[in-house]
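Coordinates from work_37.cif are shown below (mmCIF, C-alpha atoms).
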```cif
data_final
loop_
_atom_site.label_atom_id
_atom_site.label_comp_id
_atom_site.auth_asym_id
_atom_site.auth_seq_id
_atom_site.Cartn_x
_atom_site.Cartn_y
_atom_site.Cartn_z
CA MET A 1 4.10 -1.74 -14.22
CA SER A 2 6.53 -4.12 -12.63
CA ASP A 3 5.52 -6.86 -10.20
CA MET A 4 7.93 -5.68 -7.52
CA LYS A 5 7.07 -6.54 -3.93
CA VAL A 6 8.85 -5.22 -0.87
CA VAL A 7 8.51 -6.90 2.51
CA ALA A 8 9.95 -5.29 5.62
CA ASP A 9 8.31 -6.68 8.72
CA PRO A 10 8.41 -4.37 11.74
CA GLY A 11 11.24 -4.94 14.18
CA THR A 12 13.28 -7.17 11.87
CA HIS A 13 16.67 -6.64 10.21
CA GLU A 14 15.55 -7.57 6.69
CA ILE A 15 14.22 -6.02 3.51
CA LEU A 16 12.99 -8.59 0.99
CA ILE A 17 12.37 -7.54 -2.59
CA THR A 18 10.93 -9.82 -5.25
CA ARG A 19 10.59 -8.84 -8.90
CA SER A 20 10.59 -10.58 -12.23
CA PHE A 21 12.48 -9.70 -15.39
CA ASP A 22 11.60 -10.52 -18.98
CA ALA A 23 14.81 -12.42 -19.72
CA PRO A 24 16.26 -15.88 -19.03
CA ARG A 25 18.16 -16.11 -15.78
CA ASP A 26 21.62 -16.60 -17.28
CA ARG A 27 21.23 -13.16 -18.82
CA VAL A 28 19.97 -11.63 -15.57
CA PHE A 29 22.78 -13.29 -13.60
CA LYS A 30 25.27 -11.86 -16.07
CA ALA A 31 23.74 -8.38 -15.72
CA PHE A 32 24.61 -8.56 -12.00
CA THR A 33 28.05 -10.12 -12.27
CA ASP A 34 29.66 -8.84 -15.48
CA PRO A 35 31.51 -5.52 -14.91
CA GLU A 36 30.58 -4.09 -18.30
CA ALA A 37 26.93 -5.01 -17.83
CA VAL A 38 26.75 -3.57 -14.31
CA ALA A 39 28.20 -0.25 -15.52
CA GLN A 40 25.32 0.04 -17.97
CA TRP A 41 22.39 -0.25 -15.61
CA TRP A 42 23.44 0.01 -11.96
CA GLY A 43 22.35 3.11 -10.05
CA LEU A 44 19.60 5.67 -10.42
CA ARG A 45 18.53 7.16 -13.74
CA GLY A 46 20.74 10.00 -14.86
CA SER A 47 23.72 8.60 -12.97
CA ASN A 48 26.77 6.87 -14.37
CA THR A 49 28.35 3.98 -12.58
CA ASP A 50 32.04 3.12 -12.78
CA VAL A 51 32.88 -0.42 -11.82
CA ASP A 52 36.24 -0.20 -10.03
CA GLU A 53 36.34 -3.89 -9.33
CA LEU A 54 33.97 -6.81 -9.58
CA GLU A 55 35.15 -10.30 -9.04
CA ALA A 56 32.10 -12.49 -8.53
CA ARG A 57 33.62 -15.44 -6.67
CA PRO A 58 33.86 -16.27 -2.94
CA GLY A 59 36.30 -13.74 -1.45
CA GLY A 60 36.20 -11.55 -4.57
CA ARG A 61 35.74 -7.81 -4.09
CA TRP A 62 33.45 -5.30 -5.73
CA ARG A 63 33.42 -1.51 -5.73
CA PHE A 64 31.06 0.73 -7.71
CA VAL A 65 31.13 4.53 -7.95
CA GLU A 66 27.85 6.18 -8.87
CA ARG A 67 28.14 9.73 -10.31
CA ASP A 68 25.01 11.85 -10.50
CA GLY A 69 26.15 14.27 -13.24
CA ASN A 70 26.25 17.25 -10.83
CA GLY A 71 29.62 16.30 -9.38
CA GLY A 72 28.00 14.14 -6.71
CA GLU A 73 29.67 10.81 -6.12
CA ASP A 74 28.60 7.83 -4.05
CA ALA A 75 30.80 4.79 -3.71
CA PHE A 76 29.79 1.32 -2.54
CA HIS A 77 31.84 -1.77 -1.98
CA GLY A 78 31.81 -5.23 -0.53
CA VAL A 79 32.98 -8.80 -0.78
CA TYR A 80 31.34 -11.72 -2.57
CA HIS A 81 30.69 -14.72 -0.39
CA ASP A 82 29.09 -16.80 -3.08
CA ALA A 83 28.40 -16.63 -6.80
CA VAL A 84 26.78 -19.68 -8.36
CA ALA A 85 25.85 -19.05 -11.99
CA PRO A 86 23.03 -18.54 -12.80
CA GLU A 87 21.32 -19.13 -9.46
CA ARG A 88 22.65 -17.04 -6.64
CA ILE A 89 24.97 -14.30 -5.50
CA VAL A 90 25.79 -13.42 -1.90
CA TYR A 91 27.81 -10.37 -0.99
CA THR A 92 28.33 -7.73 1.66
CA PHE A 93 27.33 -4.16 0.85
CA GLU A 94 28.71 -1.03 2.44
CA TYR A 95 28.06 2.59 1.48
CA GLU A 96 31.34 4.45 1.81
CA GLY A 97 29.48 7.58 2.91
CA MET A 98 28.51 5.68 6.02
CA PRO A 99 31.32 3.27 6.82
CA GLY A 100 30.77 0.54 9.36
CA HIS A 101 27.16 -0.14 8.40
CA VAL A 102 27.36 -3.37 6.45
CA LEU A 103 24.53 -5.42 5.09
CA LEU A 104 24.49 -8.92 3.68
CA GLU A 105 22.64 -9.29 0.40
CA THR A 106 21.51 -12.62 -1.05
CA ILE A 107 20.04 -12.56 -4.55
CA THR A 108 18.55 -15.68 -6.08
CA PHE A 109 17.26 -16.15 -9.61
CA GLU A 110 14.59 -18.65 -10.64
CA GLU A 111 13.56 -19.12 -14.25
CA ARG A 112 9.88 -19.52 -15.15
CA ASP A 113 8.74 -19.69 -18.78
CA GLY A 114 11.71 -17.70 -19.98
CA ARG A 115 11.24 -15.04 -17.29
CA THR A 116 13.41 -14.66 -14.23
CA LEU A 117 12.10 -14.24 -10.72
CA MET A 118 14.60 -12.40 -8.55
CA THR A 119 14.50 -12.63 -4.76
CA ASP A 120 16.72 -10.04 -3.13
CA SER A 121 17.19 -10.28 0.64
CA SER A 122 19.14 -7.60 2.50
CA VAL A 123 19.95 -8.28 6.13
CA PHE A 124 21.11 -5.26 8.12
CA GLN A 125 23.11 -5.13 11.34
CA SER A 126 20.30 -3.49 13.27
CA VAL A 127 16.62 -2.64 13.02
CA ALA A 128 17.66 1.04 13.04
CA ASP A 129 19.91 0.52 10.00
CA ARG A 130 17.13 -1.33 8.21
CA ASP A 131 14.56 1.35 9.01
CA GLY A 132 17.05 4.02 7.99
CA MET A 133 17.40 2.46 4.56
CA LEU A 134 13.62 2.26 4.19
CA GLN A 135 13.11 5.80 5.35
CA ALA A 136 15.35 8.56 4.04
CA GLY A 137 18.32 6.56 2.85
CA MET A 138 20.96 5.13 5.12
CA GLU A 139 21.93 8.48 6.66
CA SER A 140 18.96 8.68 9.00
CA GLY A 141 19.60 5.15 10.25
CA ALA A 142 23.15 6.11 11.08
CA ALA A 143 21.98 9.31 12.74
CA GLU A 144 19.57 7.32 14.87
CA SER A 145 22.29 4.86 15.89
CA MET A 146 24.51 7.79 16.83
CA ASP A 147 21.66 9.34 18.84
CA GLN A 148 21.29 6.06 20.68
CA LEU A 149 25.03 5.99 21.36
CA ASP A 150 24.82 9.58 22.63
CA GLU A 151 22.00 8.56 24.94
CA TYR A 152 23.90 5.55 26.17
CA LEU A 153 27.06 7.55 26.85
CA ALA A 154 25.05 10.27 28.56
CA ARG A 155 23.65 7.70 30.98
CA GLY A 156 27.23 7.04 32.06
CA MET B 1 11.65 9.00 13.95
CA HIS B 2 9.21 9.50 16.85
CA THR B 3 7.77 6.00 16.99
CA ASP B 4 5.51 6.55 20.03
CA ARG B 5 3.99 9.65 18.53
CA LEU B 6 3.48 7.90 15.18
CA ASN B 7 1.74 5.04 16.95
CA GLU B 8 -0.58 7.46 18.69
CA THR B 9 -1.29 9.37 15.49
CA PHE B 10 -2.09 6.21 13.53
CA ALA B 11 -4.28 4.89 16.36
CA ALA B 12 -6.18 8.18 16.32
CA LEU B 13 -6.54 8.03 12.53
CA ALA B 14 -7.75 4.41 12.61
CA ASP B 15 -11.34 5.48 13.34
CA PRO B 16 -13.58 6.72 10.49
CA THR B 17 -15.47 9.17 12.72
CA ARG B 18 -12.24 10.76 13.85
CA ARG B 19 -11.04 11.05 10.25
CA ALA B 20 -14.34 12.70 9.33
CA ILE B 21 -13.89 15.14 12.21
CA LEU B 22 -10.39 16.00 10.98
CA ALA B 23 -11.72 16.45 7.45
CA ARG B 24 -14.36 18.84 8.77
CA LEU B 25 -11.70 20.80 10.70
CA MET B 26 -9.65 21.28 7.54
CA GLY B 27 -12.37 23.79 6.62
CA GLY B 28 -11.77 25.75 9.83
CA GLU B 29 -12.51 25.76 13.56
CA ALA B 30 -15.69 24.16 14.82
CA THR B 31 -17.46 23.61 18.13
CA VAL B 32 -18.35 20.19 19.53
CA THR B 33 -22.00 20.75 18.64
CA GLU B 34 -21.08 21.63 15.05
CA LEU B 35 -18.83 18.59 14.80
CA ALA B 36 -21.53 16.29 16.20
CA GLU B 37 -24.13 17.41 13.64
CA PRO B 38 -23.33 15.07 10.73
CA PHE B 39 -23.06 12.00 13.02
CA GLN B 40 -25.76 9.99 14.72
CA MET B 41 -23.94 10.46 18.00
CA THR B 42 -24.39 11.95 21.41
CA LEU B 43 -22.21 14.87 22.43
CA PRO B 44 -20.33 12.78 25.03
CA ALA B 45 -19.49 10.21 22.33
CA VAL B 46 -18.10 12.95 20.09
CA SER B 47 -16.22 14.45 23.05
CA LYS B 48 -14.56 11.08 23.58
CA HIS B 49 -13.28 11.10 19.98
CA LEU B 50 -12.08 14.66 20.42
CA LYS B 51 -10.11 13.67 23.49
CA VAL B 52 -8.30 10.97 21.49
CA LEU B 53 -7.51 13.46 18.74
CA GLU B 54 -6.35 16.02 21.31
CA ARG B 55 -4.08 13.52 23.06
CA ALA B 56 -2.51 12.63 19.71
CA GLY B 57 -1.85 16.31 19.12
CA LEU B 58 -4.04 16.30 16.00
CA ILE B 59 -6.34 18.99 17.35
CA THR B 60 -6.22 21.71 20.00
CA ARG B 61 -9.20 23.25 21.75
CA GLY B 62 -9.73 26.86 22.67
CA ARG B 63 -9.35 27.61 26.38
CA GLU B 64 -11.19 30.89 26.77
CA ALA B 65 -14.48 30.51 25.01
CA GLN B 66 -17.12 28.48 26.77
CA TRP B 67 -17.76 26.39 23.62
CA ARG B 68 -14.05 25.64 23.22
CA PRO B 69 -13.72 25.49 19.42
CA CYS B 70 -11.57 22.70 17.98
CA ARG B 71 -8.71 23.45 15.62
CA LEU B 72 -6.69 21.13 13.41
CA GLU B 73 -2.95 20.86 14.16
CA ALA B 74 -0.81 20.01 11.16
CA ASP B 75 2.41 18.72 12.79
CA PRO B 76 1.46 15.09 13.53
CA LEU B 77 -0.13 14.73 10.10
CA ARG B 78 3.04 16.11 8.57
CA GLU B 79 5.06 13.48 10.46
CA VAL B 80 2.78 10.76 9.10
CA ALA B 81 3.19 12.18 5.60
CA ASP B 82 7.00 12.32 5.98
CA TRP B 83 7.04 8.76 7.23
CA LEU B 84 4.98 7.52 4.27
CA ASP B 85 7.12 9.64 1.96
CA GLY B 86 10.22 7.77 3.11
CA TYR B 87 8.67 4.48 2.04
CA ARG B 88 7.50 6.01 -1.22
CA ARG B 89 11.03 7.19 -1.98
CA PHE B 90 12.51 3.77 -1.21
CA TRP B 91 9.90 2.19 -3.46
CA GLU B 92 10.59 4.65 -6.28
CA ARG B 93 14.36 4.25 -5.99
CA SER B 94 13.99 0.47 -6.21
CA GLN B 95 11.58 0.75 -9.16
CA GLU B 96 14.03 3.07 -10.89
CA ARG B 97 17.06 0.85 -10.39
CA PHE B 98 15.34 -2.31 -11.55
CA GLY B 99 13.64 -0.41 -14.37
CA ARG B 100 17.11 0.40 -15.68
CA LEU B 101 17.91 -3.30 -15.53
CA ASP B 102 14.73 -3.98 -17.56
CA ASP B 103 15.95 -1.47 -20.15
CA TYR B 104 19.42 -2.99 -20.17
CA LEU B 105 18.05 -6.53 -20.60
CA ARG B 106 15.84 -5.39 -23.47
CA GLY B 107 18.79 -3.69 -25.15
CA ALA B 108 21.28 -6.45 -24.43
CA GLN B 109 18.97 -9.04 -25.88
CA GLY B 110 18.95 -7.34 -29.29
CA LYS B 111 22.64 -6.51 -29.11
CA GLU B 112 23.75 -10.01 -28.21
CA ALA B 113 21.56 -11.49 -30.91
CA THR B 114 23.37 -9.42 -33.55
CA ASP B 115 26.81 -9.81 -31.90
CA ASP B 116 26.50 -13.56 -31.68
CA PRO B 117 27.28 -15.05 -35.11
CA THR B 118 25.94 -18.48 -34.17
CA GLY B 119 22.61 -17.01 -33.06
CA ASP B 120 22.88 -19.40 -30.14
CA ARG B 121 21.28 -18.08 -26.94
#
```

Can I see the file as structure tokens?
Amino acid sequence: MSDMKVVADPGTHEILITRSFDAPRDRVFKAFTDPEAVAQWWGLRGSNTDVDELEARPGGRWRFVERDGNGGEDAFHGVYHDAVAPERIVYTFEYEGMPGHVLLETITFEERDGRTLMTDSSVFQSVADRDGMLQAGMESGAAESMDQLDEYLARG
Amino acid sequence: MHTDRLNETFAALADPTRRAILARLMGGEATVTELAEPFQMTLPAVSKHLKVLERAGLITRGREAQWRPCRLEADPLREVADWLDGYRRFWERSQERFGRLDDYLRGAQGKEATDDPTGDR
């Protein structure tokens, strides 16, 4: 069993995940920032990820395409705001199936006795987006935002 | 997500007596007297719990019969289950993704050790 913890306080915009890995942090940092490495583990089991671009430096872009083997394709992209080896990466994250909903992800790595503690903070644009991600994937969050827009427009 | 309704459902479920009543009703309809039997409680006290459950939509009560049997309603419980299921799926997705990273790191460690002629890590 892993030591993963997920914190998502009610009414906030954040999901905080902590988890440790049995490897030194330079190796973990590389797994997140090296295109060949990312292609080998990113995404759900049974999927294959193509790394279109990955330039881990401030202003550098990334784009990953996750293929599920049944013809399904999900693409994600964003921009790096920071990449300090082997401590920290900061980037925006946007699912192309739901454009306009952007989150800011900050991942830090701390090394302890040869293991690496990862702290992964995702800050969403709204509580609804955050709750949508926690619930049934991002789609429901978007649907809820759209419902709220409908309601707002209906009020005239 | 129906937040107000979830709040009401969870508030109703927060009491052990009310959960026991719901558990009893899973076996079928029951009258207030039947429901009161296993508890050291007066009928009015049990009625109070039933009112909370009824307001939350977790039970309905017969209109016609004088003893008004209580019946379990599945919808709010299903909403609670769906809500928990969402969290479970998020948890499992995260476990799966980082589990793949575990696998990769295990593999990469061996691979780099053989690829690296200096053995320097």

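Among the candidate residues A:Ala83, A:Leu103, A:Ile15, A:Val6, the one lying nearest to Arg57 of chain A is A:Ala83, with distances computed using only C-alpha atoms.
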
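Near (-4.0, 25.4, 18.2), the residues that fall inside 8 Å on the basis of only C-alpha atoms are Ile59, Thr60, Arg61, Gly62, Arg71, Leu72 and Glu73 of chain B.
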
Fill in: Who sits within 9 Å of Leu77 of chain B, all atoms listed in the file, same chain under 4 positions skipped, as a PyMOL selection string
chain B and resi 9+58+73+81-82

Worksheet item: Residues picked by the PyMOL selection byres ((chain A and resi 115) around 8) here, as an MDAnalysis selection string?
Response: chainID A and resid 20:25 111:114 116:117

Discussion item. Please compute the atom CA of Ser126 of chain A-atom CA of Tyr80 of chain A distance, one decimal, in Å.
Written reply: 21.0 Å

Worksheet entry | Polymer residues at most 7 Å from Glu87 of chain A, only C-alpha atoms, same-chain spacing of 2 or more positions, as a list in words | Val84, Ala85, Thr108, Phe109 and Glu110 of chain A

Practice prompt. Report as a PyMOL selection string the residues that result from applying the PyMOL selection byres ((chain B) within 8 of (chain A)) to the structure here.
Written response: chain B and resi 83+85-87+89-91+93+95-97+100-105
